[in-house]
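Heads up, entry_35.txt below (compact mmCIF, C-alpha atoms):
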```
# COMPACT_ATOMS: atom_id res chain seq x y z
CA MET A 1 -75.78 38.43 -57.18
CA ARG A 2 -78.34 39.11 -59.71
CA LYS A 3 -75.82 38.67 -62.47
CA GLN A 4 -74.83 35.35 -61.10
CA ASP A 5 -78.45 34.23 -60.97
CA GLU A 6 -78.93 35.28 -64.56
CA LYS A 7 -75.80 33.40 -65.61
CA THR A 8 -76.91 30.23 -63.90
CA LYS A 9 -80.39 30.68 -65.34
CA LEU A 10 -78.87 30.96 -68.85
CA THR A 11 -76.66 27.92 -68.38
CA ILE A 12 -79.62 25.92 -67.02
CA GLU A 13 -81.69 26.88 -70.08
CA GLU A 14 -78.82 26.00 -72.40
CA LEU A 15 -78.35 22.69 -70.67
CA GLU A 16 -82.08 21.92 -70.89
CA LYS A 17 -82.02 22.73 -74.64
CA LYS A 18 -79.00 20.49 -75.15
CA ASN A 19 -80.64 17.77 -73.06
CA ALA A 20 -83.84 17.97 -75.14
CA GLU A 21 -81.79 17.83 -78.36
CA LEU A 22 -79.88 14.79 -77.11
CA GLU A 23 -83.10 13.02 -76.10
CA ARG A 24 -84.57 13.70 -79.55
CA ARG A 25 -81.41 12.36 -81.20
CA ASN A 26 -81.49 9.31 -78.90
CA ARG A 27 -85.10 8.53 -79.95
CA GLU A 28 -84.10 8.79 -83.63
CA LEU A 29 -81.18 6.42 -83.11
CA GLN A 30 -83.38 3.95 -81.19
CA ALA A 31 -85.90 4.04 -84.07
CA ASP A 32 -83.07 3.35 -86.57
CA ILE A 33 -81.81 0.44 -84.47
CA GLU A 34 -85.32 -1.02 -84.29
CA TYR A 35 -85.72 -0.62 -88.09
CA TYR A 36 -82.46 -2.44 -88.82
CA LYS A 37 -83.32 -5.22 -86.35
CA GLN A 38 -86.63 -5.82 -88.12
CA LYS A 39 -84.98 -5.69 -91.53
CA TYR A 40 -82.36 -8.23 -90.42
CA ALA A 41 -85.03 -10.55 -89.02
CA LEU A 42 -87.01 -10.31 -92.25
CA LEU A 43 -84.00 -11.08 -94.43
CA THR A 44 -82.93 -14.08 -92.33
CA ALA A 45 -86.51 -15.37 -92.39
CA LYS A 46 -86.58 -15.06 -96.17
CA LYS A 47 -83.23 -16.77 -96.55
CA PHE A 48 -83.46 -19.54 -93.94
CA GLY A 49 -87.13 -19.63 -92.92
CA THR A 50 -89.98 -21.83 -94.06
CA SER A 51 -91.15 -19.26 -96.57
CA SER A 52 -88.35 -20.38 -98.92
CA GLU A 53 -89.77 -23.92 -98.93
CA LYS A 54 -93.28 -23.55 -100.29
CA THR A 55 -95.53 -26.58 -100.27
CA ASP A 56 -98.26 -27.43 -102.71
CA LYS A 57 -101.78 -28.45 -101.58
CA GLU A 58 -101.51 -31.67 -103.61
CA GLN A 59 -98.30 -32.51 -101.83
CA LEU A 60 -100.02 -32.20 -98.43
CA GLU A 61 -102.71 -34.66 -99.57
CA LEU A 62 -100.04 -37.29 -100.35
CA GLN A 63 -99.37 -37.79 -96.67
CA LEU A 64 -101.82 -40.70 -96.65
CA PHE A 65 -99.06 -43.00 -97.93
CA ASN A 66 -101.20 -44.71 -100.55
CA GLU A 67 -98.21 -45.16 -102.82
CA ALA A 68 -98.33 -48.95 -102.81
CA GLU A 69 -101.97 -49.04 -103.90
CA ILE A 70 -101.48 -46.42 -106.61
CA SER A 71 -98.36 -48.01 -108.08
CA SER A 72 -99.85 -51.52 -108.08
CA THR A 73 -102.76 -50.53 -110.31
CA VAL A 74 -100.65 -48.80 -112.96
CA LEU A 75 -98.62 -51.15 -115.12
CA LEU A 76 -95.73 -49.57 -116.93
CA GLU A 77 -94.37 -50.98 -120.16
CA GLU A 78 -90.91 -52.41 -120.14
CA PRO A 79 -88.45 -50.00 -121.73
CA THR A 80 -87.19 -51.06 -125.13
CA LEU A 81 -83.48 -51.58 -125.47
CA GLU A 82 -81.71 -49.53 -128.06
CA THR A 83 -78.56 -50.70 -129.72
CA ILE A 84 -76.04 -48.03 -130.44
CA SER A 85 -73.41 -48.70 -133.03
CA TYR A 86 -70.56 -46.51 -134.07
CA THR A 87 -67.43 -46.73 -136.12
CA ARG A 88 -64.14 -45.33 -135.02
CA LYS A 89 -62.20 -43.10 -137.28
CA LYS A 90 -58.93 -44.51 -138.42
CA LYS A 91 -55.96 -42.63 -137.11
CA ILE A 92 -54.18 -41.14 -140.04
CA GLY A 93 -50.44 -41.19 -139.57
CA ARG A 94 -47.76 -39.09 -141.18
CA ALA A 95 -47.08 -41.63 -143.93
CA ASP A 96 -50.80 -41.93 -144.81
CA ARG A 97 -51.10 -38.17 -145.28
CA LEU A 98 -48.10 -38.12 -147.59
CA ASN A 99 -49.44 -40.88 -149.88
CA GLU A 100 -52.03 -38.53 -151.39
CA LEU A 101 -49.45 -35.92 -152.48
CA PRO A 102 -47.38 -35.98 -155.68
CA VAL A 103 -43.78 -37.14 -155.18
CA GLU A 104 -40.62 -35.69 -156.66
CA THR A 105 -37.56 -37.89 -156.16
CA ILE A 106 -33.99 -36.56 -156.14
CA HIS A 107 -31.16 -39.13 -156.19
CA TYR A 108 -27.75 -38.38 -154.70
CA ASP A 109 -25.23 -40.82 -156.18
CA LEU A 110 -21.47 -41.15 -156.29
CA SER A 111 -19.62 -40.71 -159.55
CA ASP A 112 -18.06 -43.80 -161.10
CA SER A 113 -14.60 -42.72 -159.95
CA GLU A 114 -15.83 -42.45 -156.37
CA LYS A 115 -17.31 -45.97 -156.46
CA VAL A 116 -13.80 -47.46 -156.22
CA CYS A 117 -12.65 -48.92 -152.89
CA SER A 118 -9.97 -46.81 -151.21
CA GLU A 119 -8.46 -49.92 -149.59
CA CYS A 120 -8.21 -52.43 -152.46
CA ASP A 121 -9.16 -50.46 -155.61
CA HIS A 122 -12.06 -52.83 -156.46
CA SER A 123 -15.48 -51.47 -157.54
CA MET A 124 -18.04 -50.98 -154.79
CA HIS A 125 -21.65 -52.22 -154.89
CA GLU A 126 -24.74 -50.39 -153.64
CA MET A 127 -25.32 -51.65 -150.13
CA SER A 128 -28.51 -49.67 -149.30
CA THR A 129 -30.25 -46.34 -149.65
CA GLN A 130 -31.51 -43.77 -147.18
CA VAL A 131 -34.70 -41.92 -147.95
CA ARG A 132 -35.59 -38.64 -146.29
CA LYS A 133 -38.97 -37.08 -147.00
CA GLU A 134 -39.76 -33.40 -146.69
CA LEU A 135 -42.65 -31.23 -147.75
CA LYS A 136 -42.08 -28.65 -150.41
CA ILE A 137 -44.74 -25.98 -150.47
CA ILE A 138 -45.28 -24.11 -153.68
CA PRO A 139 -48.02 -21.48 -153.44
CA ALA A 140 -51.31 -23.33 -153.93
CA GLN A 141 -49.41 -26.60 -154.35
CA VAL A 142 -47.84 -29.07 -151.94
CA LYS A 143 -45.74 -32.06 -152.94
CA VAL A 144 -43.40 -34.55 -151.31
CA VAL A 145 -39.72 -34.42 -152.25
CA GLU A 146 -37.82 -37.64 -151.57
CA HIS A 147 -34.09 -37.33 -151.12
CA VAL A 148 -32.51 -40.73 -151.84
CA GLN A 149 -28.93 -41.05 -150.65
CA HIS A 150 -27.03 -44.01 -152.14
CA ILE A 151 -24.60 -45.81 -149.83
CA TYR A 152 -21.82 -48.05 -151.16
CA SER A 153 -19.48 -50.66 -149.70
CA CYS A 154 -16.79 -52.93 -151.14
CA ARG A 155 -17.65 -56.64 -151.53
CA ASN A 156 -13.99 -57.60 -151.73
CA CYS A 157 -13.22 -55.89 -148.41
CA GLU A 158 -16.33 -57.40 -146.84
CA THR A 159 -15.05 -60.90 -147.50
CA HIS A 160 -11.23 -60.50 -147.33
CA ALA A 161 -10.38 -57.45 -145.24
CA ILE A 162 -10.83 -56.55 -141.60
CA LYS A 163 -12.13 -53.09 -142.39
CA THR A 164 -14.98 -52.47 -144.86
CA PRO A 165 -15.13 -48.92 -146.20
CA ILE A 166 -18.59 -47.39 -146.65
CA LYS A 167 -19.20 -44.30 -148.78
CA LYS A 168 -22.30 -42.12 -148.90
CA ALA A 169 -23.20 -39.62 -151.57
CA GLU A 170 -23.43 -36.07 -150.27
CA MET A 171 -26.92 -34.80 -149.63
CA PRO A 172 -28.10 -31.44 -148.26
CA LYS A 173 -28.99 -31.45 -144.56
CA PRO A 174 -32.64 -31.09 -143.54
CA VAL A 175 -33.94 -27.84 -142.10
CA ILE A 176 -35.30 -29.67 -139.05
CA LYS A 177 -33.74 -32.99 -138.06
CA LYS A 178 -36.20 -35.85 -138.72
CA GLY A 179 -38.80 -33.27 -139.81
CA LEU A 180 -40.81 -32.87 -143.00
CA ALA A 181 -40.16 -29.17 -143.44
CA SER A 182 -38.17 -28.03 -146.44
CA PRO A 183 -36.45 -24.68 -146.94
CA SER A 184 -39.43 -23.53 -149.00
```
Structure re-expressed in structure tokens:
Amino acid sequence: MRKQDEKTKLTIEELEKKNAELERRNRELQADIEYYKQKYALLTAKKFGTSSEKTDKEQLELQLFNEAEISSTVLLEEPTLETISYTRKKKIGRADRLNELPVETIHYDLSDSEKVCSECDHSMHEMSTQVRKELKIIPAQVKVVEHVQHIYSCRNCETHAIKTPIKKAEMPKPVIKKGLASPS
């Protein structure tokens, strides 16, 4: 029986030690909880409280509402009107940019034997021309190259025949259709 009493005595002592340890730990946790509650309250007061909206002593004195009397005694000068003028820049188009560059013109014409009508064997007259411009870039130099294509038709066929033949001189095709870029 003595052994049993000693065992219970040991377990009681162990339980009391564990209980004391748990109570100590509980006090520490309660202190931490209280610390975080105070910290949270302080931060919310700083963020949303009246301390973020500080007032000046002079501002508190203005609560007398003497604004009408103060503003009536001070006369402000009328503001002077300023006139602002500006000029718009002219839009420079593609043709305006090309006018400043040197121009090299290449004509594409039919030979005399090709200027004969295939229908009636009469000579053909120059009806119109087509001009295509492209930029030719030579290192440190840029110039405009005009390709002029001559187009012919027969006057005799225009007046007497149903069909009027039209002939164009051959001309190299552009690198980019309707573009200014040249192979160079």
Close residues, stretch 149-162 of chain A itself excluded, 10 Å, only C-alpha atoms, min 6 positions apart in chain, as a CSV table (one decimal) with C-alpha atoms, in the coordinates of the input:
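Once everything was written out, this is result.csv:
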```
chain,number,residue,atom,x,y,z
A,106,ILE,CA,-34.0,-36.6,-156.1
A,107,HIS,CA,-31.2,-39.1,-156.2
A,108,TYR,CA,-27.8,-38.4,-154.7
A,109,ASP,CA,-25.2,-40.8,-156.2
A,110,LEU,CA,-21.5,-41.2,-156.3
A,114,GLU,CA,-15.8,-42.4,-156.4
A,115,LYS,CA,-17.3,-46.0,-156.5
A,116,VAL,CA,-13.8,-47.5,-156.2
A,117,CYS,CA,-12.6,-48.9,-152.9
A,118,SER,CA,-10.0,-46.8,-151.2
A,119,GLU,CA,-8.5,-49.9,-149.6
A,120,CYS,CA,-8.2,-52.4,-152.5
A,121,ASP,CA,-9.2,-50.5,-155.6
A,122,HIS,CA,-12.1,-52.8,-156.5
A,123,SER,CA,-15.5,-51.5,-157.5
A,124,MET,CA,-18.0,-51.0,-154.8
A,125,HIS,CA,-21.6,-52.2,-154.9
A,126,GLU,CA,-24.7,-50.4,-153.6
A,127,MET,CA,-25.3,-51.6,-150.1
A,128,SER,CA,-28.5,-49.7,-149.3
A,129,THR,CA,-30.2,-46.3,-149.6
A,130,GLN,CA,-31.5,-43.8,-147.2
A,131,VAL,CA,-34.7,-41.9,-148.0
A,132,ARG,CA,-35.6,-38.6,-146.3
A,168,LYS,CA,-22.3,-42.1,-148.9
A,169,ALA,CA,-23.2,-39.6,-151.6
A,170,GLU,CA,-23.4,-36.1,-150.3
A,171,MET,CA,-26.9,-34.8,-149.6
A,172,PRO,CA,-28.1,-31.4,-148.3
```
So for stretch 77-83 of chain A, what box centre and size do we get, axis-aligned, 4 Å extra on each of the six sides, every listed atom, Å to one decimal, as lines of an AutoDock Vina configuration file?
```
center_x = -86.5
center_y = -51.0
center_z = -124.9
size_x = 23.8
size_y = 10.9
size_z = 17.6
```
>> Please list as a ChimeraX atom specification every residue within 12 Å of A:Ala95, counting only C-alpha atoms and excluding residues in the same chain fewer than 3 positions away.
In response: /A:91-92,98-101,133-135,144,180
> Could you state the separation of atom CA of A:Thr44 and atom CA of A:Gln30 in Å, given to one decimal place?
Replying inline: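 Atom CA of A:Gln30 lies at a distance of 21.2 Å from atom CA of A:Thr44.
Taking atom CA of A:Ile33 and atom CA of A:Glu16 as the two end points, the separation is 25.4 Å.
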>> My list of candidates is A:Glu13, A:Glu146, A:Glu77, A:Asp96. Which is closest to A:Pro174 when distances are computed with all atoms listed in the file?
In response: A:Glu146
>> Report as a PyMOL selection string all protein, DNA and RNA residues lying within 6 Å of A:Lys143, evaluated on all atoms listed in the file, omitting residues in the same chain fewer than 4 positions from it.
In response: chain A and resi 101-103+136
> When you draw a straight line from atom CA of A:Glu23 to atom CA of A:Lys39, how long is it in Å?
Replying inline: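 These atoms are spaced 24.3 Å apart.
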